[in-house]
Amino acid sequence: MDEKIISMKESMLFSQRMAQLSKALWKSIEKDWQRWIKPFDLNINEHHILWIAYHLNGASISDIAKFGVMHVSTAFNFSKKLEERGLLQFSKKESDKRNTYIQLTEKGKNLLLEIMEVYEPKNNSVYQGALPLRELYGKFPDIIELMAIIRNVYGEDFMDIFEKSFHNIETQFTEEDGKVKKLEVEKVV
């Protein structure tokens with residue numbers, strides 16, 4: 001890396017700008033996310049675990065923690081609650097007794113799909129905030145610079161899973177009557 005000197009003032013301004021913007025954005029996202037999943041008696045960590053387990057088609061608790069950006073004990077404890085509700089099942093692999101793995105049950109898959117079906121864009125303030133940009137440019141912001149920062153902080157594996165989950169939605173889901181629906185197995189590309 002080039003050894004150009006970056007001033008302390010410039011560094012602090014960038015860090016604080018990112019902190020303030022991230023906090024404001026997260027507060028709005030958190031409120032929207034909680035409103036979306038509240039009817040299903042889930043919290044954000046539980047929903048995120050279901051989402052990750054679905055898109056990874058099973059995952060270790062370590063994977064859940066890494067891709068869910070949570071502590072391993074948080075991932076385990078919330079996964080345990082989901083298991084008690086019959087939404088996940090725990091297992092060990094013969095070849096790897098050290099790690100605990102989770103898999104969505106049929107009930108867990110159905111719940112996640114139901115949650116996706118009831119998504120309402122009008123109840124999402126970040127989506128609403130981005131609409132004027134979509135109207136102006138014909139698409140939603142790519143947020144490529146933010147993704148580059150996240151890639152540099154969390155690594156390529158994190159971004160691969162991030163992209164995989166969205167690729168899964170693009171290829172395995174459709175829209176019917178204004179609702180997101182999973183394609184039937186024979187229609188999946």
# chains A, B, ... in the order shown; residues from 1 in each chain; ligands from 1

$ select_by_dssp --residues "stretch 31-174 of chain A" --states "alpha helix (DSSP H)" --output "ChimeraX atom specification"
/A:31-37,44-56,61-67,72-84,106-117,125-137,144-154,156-172

$ write_last_selection --atoms "C-alpha atoms" --output "tab-separated table (two decimals), in the first residue's frame"
chain	number	residue	atom	x	y	z
A	31	LYS	CA	-37.19	-0.84	13.32
A	32	ASP	CA	-38.35	-2.01	9.88
A	33	TRP	CA	-36.97	-5.53	10.40
A	34	GLN	CA	-38.61	-5.90	13.82
A	35	ARG	CA	-41.94	-4.71	12.44
A	36	TRP	CA	-41.72	-7.25	9.60
A	37	ILE	CA	-41.00	-10.29	11.80
A	44	ILE	CA	-33.76	-10.15	14.47
A	45	ASN	CA	-31.09	-12.67	15.49
A	46	GLU	CA	-33.54	-15.57	15.20
A	47	HIS	CA	-34.75	-14.43	11.78
A	48	HIS	CA	-31.19	-13.90	10.61
A	49	ILE	CA	-30.24	-17.43	11.75
A	50	LEU	CA	-33.19	-18.89	9.83
A	51	TRP	CA	-32.19	-16.86	6.76
A	52	ILE	CA	-28.55	-17.97	6.87
A	53	ALA	CA	-29.38	-21.62	7.57
A	54	TYR	CA	-31.79	-21.60	4.64
A	55	HIS	CA	-29.35	-20.09	2.17
A	56	LEU	CA	-26.42	-22.23	3.31
A	61	ILE	CA	-22.86	-22.51	14.58
A	62	SER	CA	-19.51	-20.89	13.71
A	63	ASP	CA	-20.79	-20.15	10.19
A	64	ILE	CA	-23.98	-18.65	11.62
A	65	ALA	CA	-21.94	-16.45	13.96
A	66	LYS	CA	-19.58	-15.35	11.21
A	67	PHE	CA	-22.18	-14.60	8.55
A	72	VAL	CA	-20.80	-17.70	18.76
A	73	SER	CA	-22.69	-17.89	22.07
A	74	THR	CA	-25.40	-15.61	20.66
A	75	ALA	CA	-25.71	-17.79	17.56
A	76	PHE	CA	-25.89	-20.93	19.70
A	77	ASN	CA	-28.38	-19.57	22.25
A	78	PHE	CA	-30.79	-18.20	19.65
A	79	SER	CA	-30.45	-21.36	17.57
A	80	LYS	CA	-31.34	-23.36	20.67
A	81	LYS	CA	-34.53	-21.29	21.06
A	82	LEU	CA	-35.39	-21.96	17.43
A	83	GLU	CA	-34.78	-25.68	17.99
A	84	GLU	CA	-37.17	-25.63	20.96
A	106	GLU	CA	-39.76	-28.28	7.30
A	107	LYS	CA	-41.59	-26.06	9.79
A	108	GLY	CA	-38.62	-23.65	9.80
A	109	LYS	CA	-38.49	-23.52	6.00
A	110	ASN	CA	-42.22	-22.90	5.80
A	111	LEU	CA	-42.01	-20.12	8.38
A	112	LEU	CA	-39.18	-18.40	6.55
A	113	LEU	CA	-41.05	-18.62	3.25
A	114	GLU	CA	-44.18	-17.23	4.91
A	115	ILE	CA	-42.19	-14.30	6.29
A	116	MET	CA	-40.83	-13.59	2.81
A	117	GLU	CA	-44.36	-13.64	1.38
A	125	SER	CA	-38.17	3.14	5.37
A	126	VAL	CA	-34.76	2.44	3.78
A	127	TYR	CA	-36.48	1.08	0.68
A	128	GLN	CA	-38.75	4.13	0.64
A	129	GLY	CA	-35.71	6.37	1.08
A	130	ALA	CA	-34.01	4.75	-1.93
A	131	LEU	CA	-37.04	5.01	-4.23
A	132	PRO	CA	-36.22	8.55	-5.44
A	133	LEU	CA	-32.79	7.28	-6.53
A	134	ARG	CA	-34.39	4.36	-8.37
A	135	GLU	CA	-36.78	6.75	-10.09
A	136	LEU	CA	-33.90	9.04	-11.05
A	137	TYR	CA	-31.41	6.38	-12.23
A	144	ILE	CA	-20.46	-0.83	-4.35
A	145	GLU	CA	-18.17	1.28	-2.15
A	146	LEU	CA	-19.89	0.06	1.01
A	147	MET	CA	-19.64	-3.53	-0.22
A	148	ALA	CA	-15.91	-3.03	-0.84
A	149	ILE	CA	-15.45	-1.77	2.72
A	150	ILE	CA	-17.40	-4.75	4.13
A	151	ARG	CA	-15.34	-7.13	1.95
A	152	ASN	CA	-12.13	-5.63	3.37
A	153	VAL	CA	-13.41	-5.88	6.95
A	154	TYR	CA	-15.14	-9.30	6.90
A	156	GLU	CA	-14.30	-12.79	0.78
A	157	ASP	CA	-16.18	-15.67	2.49
A	158	PHE	CA	-18.62	-13.21	4.02
A	159	MET	CA	-19.32	-11.57	0.67
A	160	ASP	CA	-19.67	-14.95	-1.05
A	161	ILE	CA	-22.45	-15.94	1.36
A	162	PHE	CA	-23.97	-12.48	1.04
A	163	GLU	CA	-24.09	-12.83	-2.74
A	164	LYS	CA	-25.26	-16.46	-2.59
A	165	SER	CA	-28.34	-15.58	-0.55
A	166	PHE	CA	-29.38	-12.93	-3.06
A	167	HIS	CA	-28.59	-15.20	-6.01
A	168	ASN	CA	-30.83	-17.85	-4.40
A	169	ILE	CA	-33.70	-15.38	-4.20
A	170	GLU	CA	-33.18	-14.25	-7.80
A	171	THR	CA	-33.15	-17.83	-9.16
A	172	GLN	CA	-35.41	-19.77	-6.76

$ closest_residue --among "A:Ala59, A:Ile6, A:Leu104, A:Leu21" --to "A:Arg85" --atoms "only C-alpha atoms"
A:Leu104

$ atom_distance --atom1 "atom CA of A:Ser11" --atom2 "atom CA of A:Glu30"
27.7 Å

$ select_by_dssp --residues "stretch 34-168 of chain A" --states "strand (DSSP E or B)" --output "JSON, numbers by chain"
{"A": [59, 60, 88, 89, 90, 91, 92, 93, 96, 97, 98, 99, 100, 101, 102, 103, 104]}

$ write_last_selection --atoms "all heavy atoms" --output "short mmCIF file (atom, residue, chain, number, x, y, z; two decimals), in the first residue's frame"
data_model
loop_
_atom_site.label_atom_id
_atom_site.label_comp_id
_atom_site.auth_asym_id
_atom_site.auth_seq_id
_atom_site.Cartn_x
_atom_site.Cartn_y
_atom_site.Cartn_z
N ALA A 59 -25.74 -25.17 8.32
CA ALA A 59 -24.51 -24.44 8.62
C ALA A 59 -24.04 -24.80 10.01
O ALA A 59 -24.83 -25.22 10.86
CB ALA A 59 -24.77 -22.94 8.53
N SER A 60 -22.76 -24.59 10.25
CA SER A 60 -22.25 -24.76 11.61
C SER A 60 -22.62 -23.52 12.41
O SER A 60 -22.88 -22.44 11.83
CB SER A 60 -20.73 -24.96 11.59
OG SER A 60 -20.08 -23.75 11.25
N LEU A 88 -35.52 -25.54 13.87
CA LEU A 88 -34.17 -25.98 13.53
C LEU A 88 -33.91 -27.32 14.17
O LEU A 88 -34.53 -27.66 15.19
CB LEU A 88 -33.11 -25.04 14.12
CG LEU A 88 -32.89 -23.65 13.59
CD1 LEU A 88 -31.79 -22.97 14.41
CD2 LEU A 88 -32.52 -23.66 12.14
N GLN A 89 -32.96 -28.05 13.63
CA GLN A 89 -32.48 -29.24 14.31
C GLN A 89 -30.96 -29.17 14.36
O GLN A 89 -30.32 -28.70 13.44
CB GLN A 89 -32.97 -30.51 13.65
CG GLN A 89 -32.58 -30.67 12.21
CD GLN A 89 -33.28 -31.86 11.56
OE1 GLN A 89 -34.34 -32.28 11.99
NE2 GLN A 89 -32.67 -32.37 10.51
N PHE A 90 -30.41 -29.63 15.46
CA PHE A 90 -28.97 -29.66 15.68
C PHE A 90 -28.44 -31.02 15.27
O PHE A 90 -29.14 -32.03 15.41
CB PHE A 90 -28.65 -29.43 17.16
CG PHE A 90 -28.72 -28.00 17.59
CD1 PHE A 90 -29.93 -27.35 17.74
CD2 PHE A 90 -27.56 -27.30 17.88
CE1 PHE A 90 -29.99 -26.04 18.15
CE2 PHE A 90 -27.61 -25.98 18.29
CZ PHE A 90 -28.82 -25.35 18.43
N SER A 91 -27.18 -31.05 14.83
CA SER A 91 -26.55 -32.33 14.53
C SER A 91 -25.04 -32.18 14.62
O SER A 91 -24.51 -31.08 14.69
CB SER A 91 -26.94 -32.80 13.12
OG SER A 91 -26.44 -31.91 12.15
N LYS A 92 -24.38 -33.32 14.63
CA LYS A 92 -22.92 -33.40 14.55
C LYS A 92 -22.61 -34.24 13.33
O LYS A 92 -23.36 -35.13 12.96
CB LYS A 92 -22.33 -34.09 15.80
CG LYS A 92 -22.56 -33.36 17.10
CD LYS A 92 -21.51 -32.31 17.29
CE LYS A 92 -21.64 -31.71 18.70
NZ LYS A 92 -20.66 -30.65 18.91
N LYS A 93 -21.50 -33.95 12.69
CA LYS A 93 -21.07 -34.75 11.55
C LYS A 93 -20.10 -35.82 12.05
O LYS A 93 -19.30 -35.56 12.95
CB LYS A 93 -20.40 -33.87 10.49
CG LYS A 93 -21.37 -32.94 9.79
CD LYS A 93 -20.70 -32.19 8.66
CE LYS A 93 -21.74 -31.34 7.95
NZ LYS A 93 -21.14 -30.50 6.91
N ASP A 96 -16.72 -34.59 11.85
CA ASP A 96 -16.42 -33.35 12.59
C ASP A 96 -17.28 -33.28 13.85
O ASP A 96 -18.32 -32.64 13.86
CB ASP A 96 -16.69 -32.14 11.68
CG ASP A 96 -16.33 -30.82 12.32
OD1 ASP A 96 -15.71 -30.83 13.41
OD2 ASP A 96 -16.68 -29.77 11.75
N LYS A 97 -16.82 -33.93 14.89
CA LYS A 97 -17.58 -33.97 16.15
C LYS A 97 -17.44 -32.68 16.96
O LYS A 97 -18.19 -32.46 17.90
CB LYS A 97 -17.13 -35.17 17.01
CG LYS A 97 -17.41 -36.50 16.39
CD LYS A 97 -18.86 -36.81 16.45
CE LYS A 97 -19.13 -38.23 16.01
NZ LYS A 97 -20.52 -38.51 15.87
N ARG A 98 -16.47 -31.83 16.60
CA ARG A 98 -16.24 -30.61 17.38
C ARG A 98 -17.28 -29.54 17.12
O ARG A 98 -17.63 -28.78 18.00
CB ARG A 98 -14.84 -30.04 17.09
CG ARG A 98 -13.70 -30.92 17.54
CD ARG A 98 -12.35 -30.37 17.13
NE ARG A 98 -12.29 -30.27 15.67
CZ ARG A 98 -11.89 -29.19 15.00
NH1 ARG A 98 -11.51 -28.12 15.64
NH2 ARG A 98 -11.87 -29.17 13.69
N ASN A 99 -17.77 -29.48 15.89
CA ASN A 99 -18.71 -28.42 15.52
C ASN A 99 -20.16 -28.89 15.59
O ASN A 99 -20.45 -30.05 15.31
CB ASN A 99 -18.43 -27.92 14.10
CG ASN A 99 -17.19 -27.05 14.04
OD1 ASN A 99 -17.02 -26.15 14.85
ND2 ASN A 99 -16.30 -27.33 13.10
N THR A 100 -21.02 -27.97 15.96
CA THR A 100 -22.46 -28.23 15.97
C THR A 100 -23.04 -27.61 14.71
O THR A 100 -22.73 -26.47 14.38
CB THR A 100 -23.10 -27.59 17.22
OG1 THR A 100 -22.47 -28.14 18.38
CG2 THR A 100 -24.59 -27.84 17.27
N TYR A 101 -23.87 -28.36 14.04
CA TYR A 101 -24.50 -27.91 12.80
C TYR A 101 -25.99 -27.76 13.00
O TYR A 101 -26.59 -28.45 13.84
CB TYR A 101 -24.22 -28.92 11.67
CG TYR A 101 -22.77 -28.93 11.27
CD1 TYR A 101 -21.84 -29.70 11.97
CD2 TYR A 101 -22.31 -28.13 10.23
CE1 TYR A 101 -20.50 -29.68 11.62
CE2 TYR A 101 -20.97 -28.11 9.88
CZ TYR A 101 -20.07 -28.89 10.58
OH TYR A 101 -18.75 -28.87 10.24
N ILE A 102 -26.57 -26.85 12.25
CA ILE A 102 -28.02 -26.67 12.29
C ILE A 102 -28.58 -26.81 10.89
O ILE A 102 -27.91 -26.50 9.91
CB ILE A 102 -28.43 -25.31 12.91
CG1 ILE A 102 -27.91 -24.15 12.07
CG2 ILE A 102 -28.01 -25.20 14.35
CD1 ILE A 102 -28.51 -22.82 12.43
N GLN A 103 -29.80 -27.25 10.85
CA GLN A 103 -30.53 -27.41 9.59
C GLN A 103 -31.96 -26.97 9.86
O GLN A 103 -32.51 -27.26 10.93
CB GLN A 103 -30.49 -28.89 9.18
CG GLN A 103 -31.14 -29.20 7.86
CD GLN A 103 -30.23 -28.89 6.68
OE1 GLN A 103 -29.02 -29.05 6.76
NE2 GLN A 103 -30.82 -28.41 5.61
N LEU A 104 -32.56 -26.26 8.92
CA LEU A 104 -33.96 -25.89 9.08
C LEU A 104 -34.82 -27.14 9.00
O LEU A 104 -34.57 -28.02 8.18
CB LEU A 104 -34.40 -24.93 7.97
CG LEU A 104 -33.91 -23.50 8.03
CD1 LEU A 104 -34.47 -22.72 6.85
CD2 LEU A 104 -34.28 -22.83 9.31
#

$ residues_around --residues "A:Lys182" --least-positions-apart "2" --cutoff "9 Å" --atoms "only C-alpha atoms" --output "ChimeraX atom specification"
/A:113,169,172-175,180,184-185,188

$ closest_residue --among "A:Gly58, A:Met18, A:Leu25, A:Val118" --to "A:Asp177" --atoms "only C-alpha atoms"
A:Val118

$ atom_distance --atom1 "atom CA of A:Tyr119" --atom2 "atom CA of A:Lys38"
11.9 Å
